[in-house]
>>> print(open('my_file_4.tsv').read())   # TSV, C-alpha atoms
chain	number	residue	atom	x	y	z
M	26	GLY	CA	47.40	-66.39	-172.59
M	27	ALA	CA	48.14	-62.79	-171.84
M	28	VAL	CA	46.37	-59.96	-173.61
M	29	VAL	CA	48.44	-57.36	-175.42
M	30	SER	CA	46.89	-54.53	-177.39
M	31	GLN	CA	48.31	-52.10	-179.92
M	32	HIS	CA	46.97	-48.81	-181.13
M	33	PRO	CA	46.43	-47.83	-183.83
M	34	SER	CA	46.00	-50.99	-185.85
M	35	ARG	CA	46.58	-49.11	-189.08
M	36	VAL	CA	47.97	-45.69	-189.89
M	37	ILE	CA	48.65	-43.84	-193.11
M	38	CYS	CA	50.71	-40.68	-192.96
M	39	LYS	CA	52.59	-38.27	-195.15
M	40	SER	CA	56.35	-38.39	-195.45
M	41	GLY	CA	58.04	-36.27	-192.79
M	42	THR	CA	55.43	-36.69	-190.08
M	43	SER	CA	55.88	-38.56	-186.82
M	44	VAL	CA	53.75	-41.50	-185.80
M	45	LYS	CA	53.25	-42.89	-182.31
M	46	ILE	CA	52.34	-46.53	-181.74
M	47	GLU	CA	51.17	-47.77	-178.36
M	48	CYS	CA	51.62	-51.22	-176.89
M	49	ARG	CA	49.63	-52.09	-173.78
M	50	SER	CA	49.77	-55.09	-171.54
M	51	LEU	CA	46.19	-55.47	-170.33
M	52	ASP	CA	46.37	-58.10	-167.65
M	53	PHE	CA	49.86	-58.14	-166.19
M	54	GLN	CA	52.78	-55.87	-165.51
M	55	ALA	CA	55.78	-55.86	-167.78
M	56	THR	CA	59.14	-54.33	-167.03
M	57	THR	CA	60.27	-55.27	-170.52
M	58	MET	CA	58.58	-55.11	-173.89
M	59	PHE	CA	59.97	-55.91	-177.31
M	60	TRP	CA	59.38	-54.11	-180.60
M	61	TYR	CA	59.60	-55.96	-183.91
M	62	ARG	CA	59.32	-54.89	-187.52
M	63	GLN	CA	58.13	-57.04	-190.38
M	64	PHE	CA	58.52	-56.04	-194.01
M	65	PRO	CA	56.22	-57.61	-196.61
M	66	LYS	CA	56.77	-61.34	-197.03
M	67	GLN	CA	59.65	-61.28	-194.59
M	68	SER	CA	60.04	-62.50	-191.05
M	69	LEU	CA	59.98	-60.47	-187.87
M	70	MET	CA	63.12	-58.61	-186.90
M	71	LEU	CA	63.73	-57.40	-183.38
M	72	MET	CA	64.20	-53.62	-183.33
M	73	ALA	CA	64.61	-52.81	-179.68
M	74	THR	CA	63.96	-53.82	-176.10
M	75	SER	CA	61.89	-51.38	-174.11
M	76	ASN	CA	62.78	-51.15	-170.42
M	77	GLU	CA	60.47	-49.58	-167.85
M	78	GLY	CA	62.09	-46.60	-166.21
M	79	SER	CA	65.27	-46.70	-168.26
M	80	LYS	CA	66.55	-46.31	-171.80
M	81	ALA	CA	65.63	-48.77	-174.50
M	82	THR	CA	68.20	-51.13	-175.95
M	83	TYR	CA	68.40	-51.02	-179.74
M	84	GLU	CA	69.51	-53.73	-182.10
M	85	GLN	CA	72.38	-53.13	-184.44
M	86	GLY	CA	71.36	-51.03	-187.41
M	87	VAL	CA	68.29	-49.51	-185.78
M	88	GLU	CA	68.48	-45.72	-185.39
M	89	LYS	CA	67.55	-44.78	-181.85
M	90	ASP	CA	66.92	-41.16	-182.81
M	91	LYS	CA	64.46	-42.22	-185.48
M	92	PHE	CA	62.60	-44.84	-183.47
M	93	LEU	CA	61.93	-43.31	-180.08
M	94	ILE	CA	60.81	-45.69	-177.39
M	95	ASN	CA	59.23	-44.71	-174.10
M	96	HIS	CA	58.28	-47.22	-171.42
M	97	ALA	CA	56.64	-44.92	-168.90
M	98	SER	CA	54.66	-47.49	-166.94
M	99	LEU	CA	54.51	-51.21	-166.32
M	100	THR	CA	51.67	-51.58	-168.81
M	101	LEU	CA	52.54	-49.18	-171.62
M	102	SER	CA	55.36	-48.80	-174.11
M	103	THR	CA	55.28	-46.41	-177.07
M	104	LEU	CA	57.24	-46.43	-180.30
M	105	THR	CA	57.45	-43.14	-182.17
M	106	VAL	CA	58.63	-43.19	-185.75
M	107	THR	CA	60.03	-39.70	-186.26
M	108	SER	CA	60.11	-38.00	-189.65
M	109	ALA	CA	58.70	-41.09	-191.30
M	110	HIS	CA	59.65	-41.93	-194.86
M	111	PRO	CA	58.20	-44.48	-197.30
M	112	GLU	CA	60.95	-46.97	-196.45
M	113	ASP	CA	59.61	-47.00	-192.88
M	114	SER	CA	56.36	-48.50	-194.12
M	115	SER	CA	56.10	-51.81	-192.35
M	116	PHE	CA	54.20	-53.92	-189.85
M	117	TYR	CA	55.24	-53.11	-186.29
M	118	ILE	CA	54.52	-55.66	-183.55
M	119	CYS	CA	55.22	-55.55	-179.85
M	120	SER	CA	55.57	-58.44	-177.47
M	121	VAL	CA	55.51	-58.79	-173.72
M	122	PRO	CA	57.13	-61.40	-171.49
M	123	PRO	CA	55.23	-61.59	-168.16
M	124	ARG	CA	57.30	-60.70	-165.11
M	125	SER	CA	56.29	-63.96	-163.50
M	126	ARG	CA	57.95	-65.98	-166.27
M	127	VAL	CA	61.53	-67.03	-165.67
M	128	SER	CA	64.03	-66.10	-168.38
M	129	TYR	CA	61.31	-64.61	-170.56
M	130	ASN	CA	59.95	-68.10	-171.00
M	131	GLU	CA	57.18	-67.03	-173.27
M	132	GLN	CA	56.28	-63.86	-175.10
M	133	PHE	CA	52.81	-62.66	-175.95
M	134	PHE	CA	52.34	-60.58	-179.06
M	135	GLY	CA	50.15	-57.64	-179.87
M	136	PRO	CA	47.99	-57.61	-183.03
M	137	GLY	CA	50.42	-55.31	-184.84
M	138	THR	CA	50.27	-51.88	-186.44
M	139	ARG	CA	50.43	-51.42	-190.19
M	140	LEU	CA	52.25	-48.19	-191.04
M	141	THR	CA	52.07	-46.79	-194.55
M	142	VAL	CA	54.07	-43.66	-195.32
M	143	LEU	CA	53.10	-41.88	-198.51
V	8	LYS	CA	74.99	-65.20	-184.53
V	9	GLN	CA	71.82	-67.27	-184.39
V	10	GLU	CA	70.19	-67.94	-187.75
V	11	VAL	CA	66.85	-69.64	-188.13
V	12	THR	CA	65.75	-71.17	-191.42
V	13	GLN	CA	62.46	-72.74	-192.41
V	14	ILE	CA	61.83	-75.20	-195.20
V	15	PRO	CA	59.83	-75.19	-197.36
V	16	ALA	CA	59.22	-71.50	-197.93
V	17	ALA	CA	55.80	-72.26	-199.38
V	18	LEU	CA	53.55	-75.28	-199.48
V	19	SER	CA	50.23	-75.96	-201.19
V	20	VAL	CA	48.36	-79.17	-200.40
V	21	PRO	CA	44.88	-80.64	-200.69
V	22	GLU	CA	42.71	-80.88	-197.63
V	23	GLY	CA	43.26	-83.93	-195.45
V	24	GLU	CA	46.98	-84.32	-195.96
V	25	ASN	CA	49.41	-84.66	-193.09
V	26	LEU	CA	52.15	-82.03	-193.22
V	27	VAL	CA	55.62	-81.52	-191.85
V	28	LEU	CA	57.16	-78.08	-191.58
V	29	ASN	CA	60.85	-77.80	-190.81
V	30	CYS	CA	62.84	-75.32	-188.77
V	31	SER	CA	66.59	-75.31	-188.28
V	32	PHE	CA	68.80	-73.10	-186.13
V	33	THR	CA	72.56	-72.65	-186.01
V	34	ASP	CA	73.16	-72.11	-182.28
V	35	SER	CA	71.90	-74.91	-180.05
V	36	ALA	CA	72.17	-72.81	-176.87
V	37	ILE	CA	68.49	-71.92	-176.75
V	38	TYR	CA	66.01	-71.60	-173.88
V	39	ASN	CA	63.02	-72.66	-175.92
V	40	LEU	CA	61.48	-72.80	-179.36
V	41	GLN	CA	58.05	-71.52	-180.32
V	42	TRP	CA	55.84	-72.11	-183.32
V	43	PHE	CA	53.51	-69.31	-184.37
V	44	ARG	CA	50.80	-68.86	-186.91
V	45	GLN	CA	50.31	-65.57	-188.75
V	46	ASP	CA	47.31	-64.83	-190.92
V	47	PRO	CA	47.75	-62.23	-193.70
V	48	GLY	CA	48.02	-58.73	-192.28
V	49	LYS	CA	47.53	-59.98	-188.74
V	50	GLY	CA	49.61	-60.51	-185.63
V	51	LEU	CA	51.00	-63.74	-184.26
V	52	THR	CA	49.17	-66.61	-182.63
V	53	SER	CA	51.30	-68.85	-180.46
V	54	LEU	CA	50.77	-72.52	-181.29
V	55	LEU	CA	53.29	-74.48	-179.29
V	56	LEU	CA	56.26	-73.78	-177.04
V	57	ILE	CA	58.94	-76.38	-176.41
V	58	GLN	CA	61.39	-75.88	-173.58
V	59	SER	CA	65.04	-76.72	-174.29
V	60	SER	CA	64.77	-79.77	-172.03
V	61	GLN	CA	61.71	-81.12	-173.82
V	62	ARG	CA	61.50	-83.24	-176.95
V	63	GLU	CA	58.00	-82.47	-178.13
V	64	GLN	CA	54.69	-80.76	-177.46
V	65	THR	CA	51.23	-81.56	-178.73
V	66	SER	CA	48.08	-79.52	-179.12
V	67	GLY	CA	45.15	-80.99	-181.00
V	68	ARG	CA	46.21	-81.79	-184.54
V	69	LEU	CA	49.59	-80.14	-184.01
V	70	ASN	CA	52.75	-81.81	-182.80
V	71	ALA	CA	56.10	-80.08	-182.53
V	72	SER	CA	59.39	-81.82	-181.90
V	73	LEU	CA	62.75	-80.43	-180.90
V	74	ASP	CA	66.22	-81.90	-181.41
V	75	LYS	CA	68.42	-79.26	-179.86
V	76	SER	CA	71.71	-81.01	-180.53
V	77	SER	CA	71.10	-81.09	-184.25
V	78	GLY	CA	69.43	-77.67	-184.31
V	79	ARG	CA	66.12	-78.85	-185.71
V	80	SER	CA	62.43	-78.67	-184.99
V	81	THR	CA	59.47	-79.96	-186.92
V	82	LEU	CA	55.82	-79.00	-186.82
V	83	TYR	CA	53.50	-81.81	-187.78
V	84	ILE	CA	49.96	-80.93	-188.83
V	85	ALA	CA	47.57	-83.84	-189.05
V	86	ALA	CA	44.58	-83.96	-191.35
V	87	SER	CA	45.09	-80.46	-192.72
V	88	GLN	CA	42.09	-78.18	-193.27
V	89	PRO	CA	41.58	-75.03	-195.38
V	90	GLY	CA	41.46	-73.08	-192.12
V	91	ASP	CA	45.08	-74.05	-191.51
V	92	SER	CA	46.13	-71.81	-194.40
V	93	ALA	CA	48.52	-69.20	-192.98
V	94	THR	CA	52.20	-68.48	-192.54
V	95	TYR	CA	53.91	-70.55	-189.89
V	96	LEU	CA	56.90	-69.09	-188.07
V	97	CYS	CA	59.29	-70.76	-185.70
V	98	ALA	CA	61.33	-68.72	-183.25
V	99	VAL	CA	64.10	-69.59	-180.82
V	100	LEU	CA	64.84	-67.81	-177.59
V	101	ASN	CA	68.53	-66.97	-177.18
V	102	THR	CA	69.26	-65.29	-173.82
V	103	ASP	CA	66.51	-62.65	-173.89
V	104	LYS	CA	65.98	-62.36	-177.63
V	105	LEU	CA	63.51	-64.18	-179.80
V	106	ILE	CA	64.96	-64.93	-183.24
V	107	PHE	CA	62.42	-65.70	-185.94
V	108	GLY	CA	62.70	-68.01	-188.89
V	109	THR	CA	61.92	-67.11	-192.45
V	110	GLY	CA	58.45	-68.67	-192.37
V	111	THR	CA	56.50	-71.25	-194.35
V	112	ARG	CA	53.43	-70.06	-196.27
V	113	LEU	CA	50.89	-72.84	-196.21
V	114	GLN	CA	47.83	-73.11	-198.40
V	115	VAL	CA	45.37	-75.94	-197.93
V	116	PHE	CA	42.79	-76.15	-200.69
V	117	PRO	CA	39.45	-77.98	-200.49
>>> encode(input="my_file_4.tsv", output="structure tokens")
Amino acid sequence: GAVVSQHPSRVICKSGTSVKIECRSLDFQATTMFWYRQFPKQSLMLMATSNEGSKATYEQGVEKDKFLINHASLTLSTLTVTSAHPEDSSFYICSVPPRSRVSYNEQFFGPGTRLTVL
Amino acid sequence: KQEVTQIPAALSVPEGENLVLNCSFTDSAIYNLQWFRQDPGKGLTSLLLIQSSQREQTSGRLNASLDKSSGRSTLYIAASQPGDSATYLCAVLNTDKLIFGTGTRLQVFP
């Protein structure tokens, strides 16, 4: 399977600061990446679709000004949580569908980033 | 709107038992269905992927079936082991979005 990395794996920050999370596709190019959020003991919820060279597409209820997404290259997407608050504490996971796969046949997931806002 | 539900929410069994985890979805217009495993505090490990045209997939002790018309999938785990303890998630692919189920927390005790 494809290799997807995330950095950092864990971050603790004070309320009001901004946190950047990186998602890298290590062995193939990806024009699209997906960002998910998982609250404790809940399932994954899609937050947004990151598109290389264009604006991200956000799911209903997700604030685009709070969760800034940049997909600057075919191997890197970043999610910045701006002015983080304790309610933003969650597990953030990215996924990548390889360009060679038709209709996003399969997605490969990063290891996730645990964000704790104090 | 696609909704994915998993039953049971939690399961605790002794080692060696054969298990069936259930996944149901409301919209049968899916491209595929995936089963994942998630260990506590960790990311996802893909277990099996079933295309919409397929009925089942097998990998080792795992067998997943798909009945698209009835909106159901099952994950069968044979001869369960303590190392199988984890949360199991199913997810369906609708257009370009992967919709996850609520998960089943499995504990296999020695």
>>> closest_atom_pairs(input="my_file_4.tsv", of="chain M", to="chain V", cutoff="6 Å", atoms="only C-alpha atoms", output="JSON lines")
{"residue": "M:Ser68", "atom": "CA", "partner": "V:Thr109", "partner_atom": "CA", "distance": 5.2}
{"residue": "M:Pro136", "atom": "CA", "partner": "V:Gly50", "partner_atom": "CA", "distance": 4.2}
{"residue": "M:Gly137", "atom": "CA", "partner": "V:Gly50", "partner_atom": "CA", "distance": 5.3}
>>> residues_near_point(input="my_file_4.tsv", point="(56.5, -81.5, -195.0)", cutoff="12 Å", atoms="only C-alpha atoms", output="JSON, numbers by chain")
{"V": [13, 14, 15, 16, 17, 18, 19, 20, 24, 25, 26, 27, 28, 29, 30, 80, 81, 82, 83, 84, 85, 87, 111, 112, 113]}
>>> atom_distance(input="my_file_4.tsv", atom1="CA of Met70 (chain M)", atom2="CA of Phe134 (chain M)")
13.5 Å
>>> residues_near_point(input="my_file_4.tsv", point="(53.6, -36.8, -185.3)", cutoff="12 Å", atoms="all atoms listed in the file", output="JSON, numbers by chain")
{"M": [36, 37, 38, 39, 40, 41, 42, 43, 44, 45, 46, 93, 104, 105, 106, 107, 108, 109]}
>>> write_last_selection(input="my_file_4.tsv", atoms="C-alpha atoms", output="JSON list (two decimals), in the frame of the given file")
[["chain", "number", "residue", "atom", "x", "y", "z"],
["M", 36, "VAL", "CA", 47.97, -45.69, -189.89],
["M", 37, "ILE", "CA", 48.65, -43.84, -193.11],
["M", 38, "CYS", "CA", 50.71, -40.68, -192.96],
["M", 39, "LYS", "CA", 52.59, -38.27, -195.15],
["M", 40, "SER", "CA", 56.35, -38.39, -195.45],
["M", 41, "GLY", "CA", 58.04, -36.27, -192.79],
["M", 42, "THR", "CA", 55.43, -36.69, -190.08],
["M", 43, "SER", "CA", 55.88, -38.56, -186.82],
["M", 44, "VAL", "CA", 53.75, -41.50, -185.80],
["M", 45, "LYS", "CA", 53.25, -42.89, -182.31],
["M", 46, "ILE", "CA", 52.34, -46.53, -181.74],
["M", 93, "LEU", "CA", 61.93, -43.31, -180.08],
["M", 104, "LEU", "CA", 57.24, -46.43, -180.30],
["M", 105, "THR", "CA", 57.45, -43.14, -182.17],
["M", 106, "VAL", "CA", 58.63, -43.19, -185.75],
["M", 107, "THR", "CA", 60.03, -39.70, -186.26],
["M", 108, "SER", "CA", 60.11, -38.00, -189.65],
["M", 109, "ALA", "CA", 58.70, -41.09, -191.30]]
>>> closest_residue(input="my_file_4.tsv", among="M:Phe59, M:Phe133, M:Phe116, M:Phe53", to="Leu71 (chain M)", atoms="only C-alpha atoms")
M:Phe59
>>> atom_distance(input="my_file_4.tsv", atom1="CA of Thr100 (chain M)", atom2="CA of Ile118 (chain M)")
15.6 Å
>>> closest_residue(input="my_file_4.tsv", among="M:Thr56, M:Leu140, M:Gln63, M:Pro111", to="Asn95 (chain M)", atoms="all atoms listed in the file")
M:Thr56
>>> closest_residue(input="my_file_4.tsv", among="M:Ser115, M:Arg139, M:Ser79, M:Gly86", to="Pro65 (chain M)", atoms="only C-alpha atoms")
M:Ser115
>>> residues_around(input="my_file_4.tsv", residues="Phe116 (chain V)", least_positions_apart="6", cutoff="7 Å", atoms="all atoms listed in the file", output="PyMOL selection string")
chain V and resi 20-22+89
>>> atom_distance(input="my_file_4.tsv", atom1="CA of Arg35 (chain M)", atom2="CA of Lys80 (chain M)")
26.6 Å
>>> decode(input="my_file_4.tsv", residues="region 56-76 of chain M", atoms="N, CA, C and O atoms", output="compact mmCIF listing (two decimals), in the first residue's frame")
# COMPACT_ATOMS: atom_id res chain seq x y z
N THR M 56 -3.28 14.67 -6.42
CA THR M 56 -3.92 15.95 -6.68
C THR M 56 -5.00 16.25 -5.65
O THR M 56 -5.44 17.38 -5.53
N THR M 57 -5.41 15.24 -4.94
CA THR M 57 -6.45 15.39 -3.92
C THR M 57 -6.02 14.70 -2.64
O THR M 57 -5.45 13.61 -2.68
N MET M 58 -6.29 15.33 -1.53
CA MET M 58 -6.09 14.72 -0.22
C MET M 58 -7.31 15.05 0.63
O MET M 58 -7.96 16.07 0.42
N PHE M 59 -7.62 14.20 1.56
CA PHE M 59 -8.78 14.40 2.41
C PHE M 59 -8.33 14.59 3.86
O PHE M 59 -7.40 13.93 4.32
N TRP M 60 -9.03 15.47 4.57
CA TRP M 60 -8.77 15.68 6.00
C TRP M 60 -9.99 15.26 6.80
O TRP M 60 -11.12 15.68 6.51
N TYR M 61 -9.72 14.43 7.82
CA TYR M 61 -10.77 13.93 8.70
C TYR M 61 -10.47 14.35 10.14
O TYR M 61 -9.33 14.60 10.52
N ARG M 62 -11.54 14.37 10.93
CA ARG M 62 -11.40 14.66 12.35
C ARG M 62 -12.13 13.56 13.12
O ARG M 62 -13.20 13.09 12.70
N GLN M 63 -11.53 13.15 14.21
CA GLN M 63 -12.14 12.09 15.02
C GLN M 63 -12.11 12.51 16.48
O GLN M 63 -11.03 12.63 17.08
N PHE M 64 -13.28 12.72 17.06
CA PHE M 64 -13.38 13.02 18.48
C PHE M 64 -13.35 11.71 19.25
O PHE M 64 -13.65 10.64 18.70
N PRO M 65 -12.99 11.78 20.55
CA PRO M 65 -12.86 10.55 21.34
C PRO M 65 -14.07 9.64 21.27
O PRO M 65 -15.21 10.09 21.41
N LYS M 66 -13.81 8.38 20.99
CA LYS M 66 -14.82 7.34 20.92
C LYS M 66 -15.88 7.60 19.86
O LYS M 66 -16.99 7.10 19.94
N GLN M 67 -15.52 8.40 18.88
CA GLN M 67 -16.44 8.63 17.76
C GLN M 67 -15.76 8.22 16.46
O GLN M 67 -14.58 7.91 16.43
N SER M 68 -16.54 8.21 15.40
CA SER M 68 -15.98 7.81 14.12
C SER M 68 -15.32 8.99 13.42
O SER M 68 -15.31 10.11 13.93
N LEU M 69 -14.75 8.73 12.28
CA LEU M 69 -14.10 9.78 11.51
C LEU M 69 -15.13 10.58 10.73
O LEU M 69 -16.04 10.02 10.12
N MET M 70 -14.94 11.89 10.73
CA MET M 70 -15.81 12.77 9.97
C MET M 70 -14.98 13.55 8.98
O MET M 70 -13.98 14.17 9.35
N LEU M 71 -15.40 13.53 7.73
CA LEU M 71 -14.68 14.27 6.70
C LEU M 71 -14.84 15.77 6.95
O LEU M 71 -15.95 16.27 7.13
N MET M 72 -13.70 16.48 6.96
CA MET M 72 -13.72 17.93 7.16
C MET M 72 -13.66 18.66 5.83
O MET M 72 -14.43 19.59 5.59
N ALA M 73 -12.72 18.24 4.99
CA ALA M 73 -12.51 18.98 3.76
C ALA M 73 -11.71 18.15 2.77
O ALA M 73 -11.02 17.20 3.15
N THR M 74 -11.83 18.55 1.52
CA THR M 74 -11.07 17.95 0.44
C THR M 74 -10.04 18.97 -0.03
O THR M 74 -10.41 20.09 -0.41
N SER M 75 -8.79 18.58 0.02
CA SER M 75 -7.70 19.45 -0.37
C SER M 75 -7.37 19.21 -1.84
O SER M 75 -7.16 18.08 -2.26
N ASN M 76 -7.34 20.28 -2.63
CA ASN M 76 -7.10 20.16 -4.06
C ASN M 76 -5.82 20.90 -4.45
O ASN M 76 -5.68 22.09 -4.17
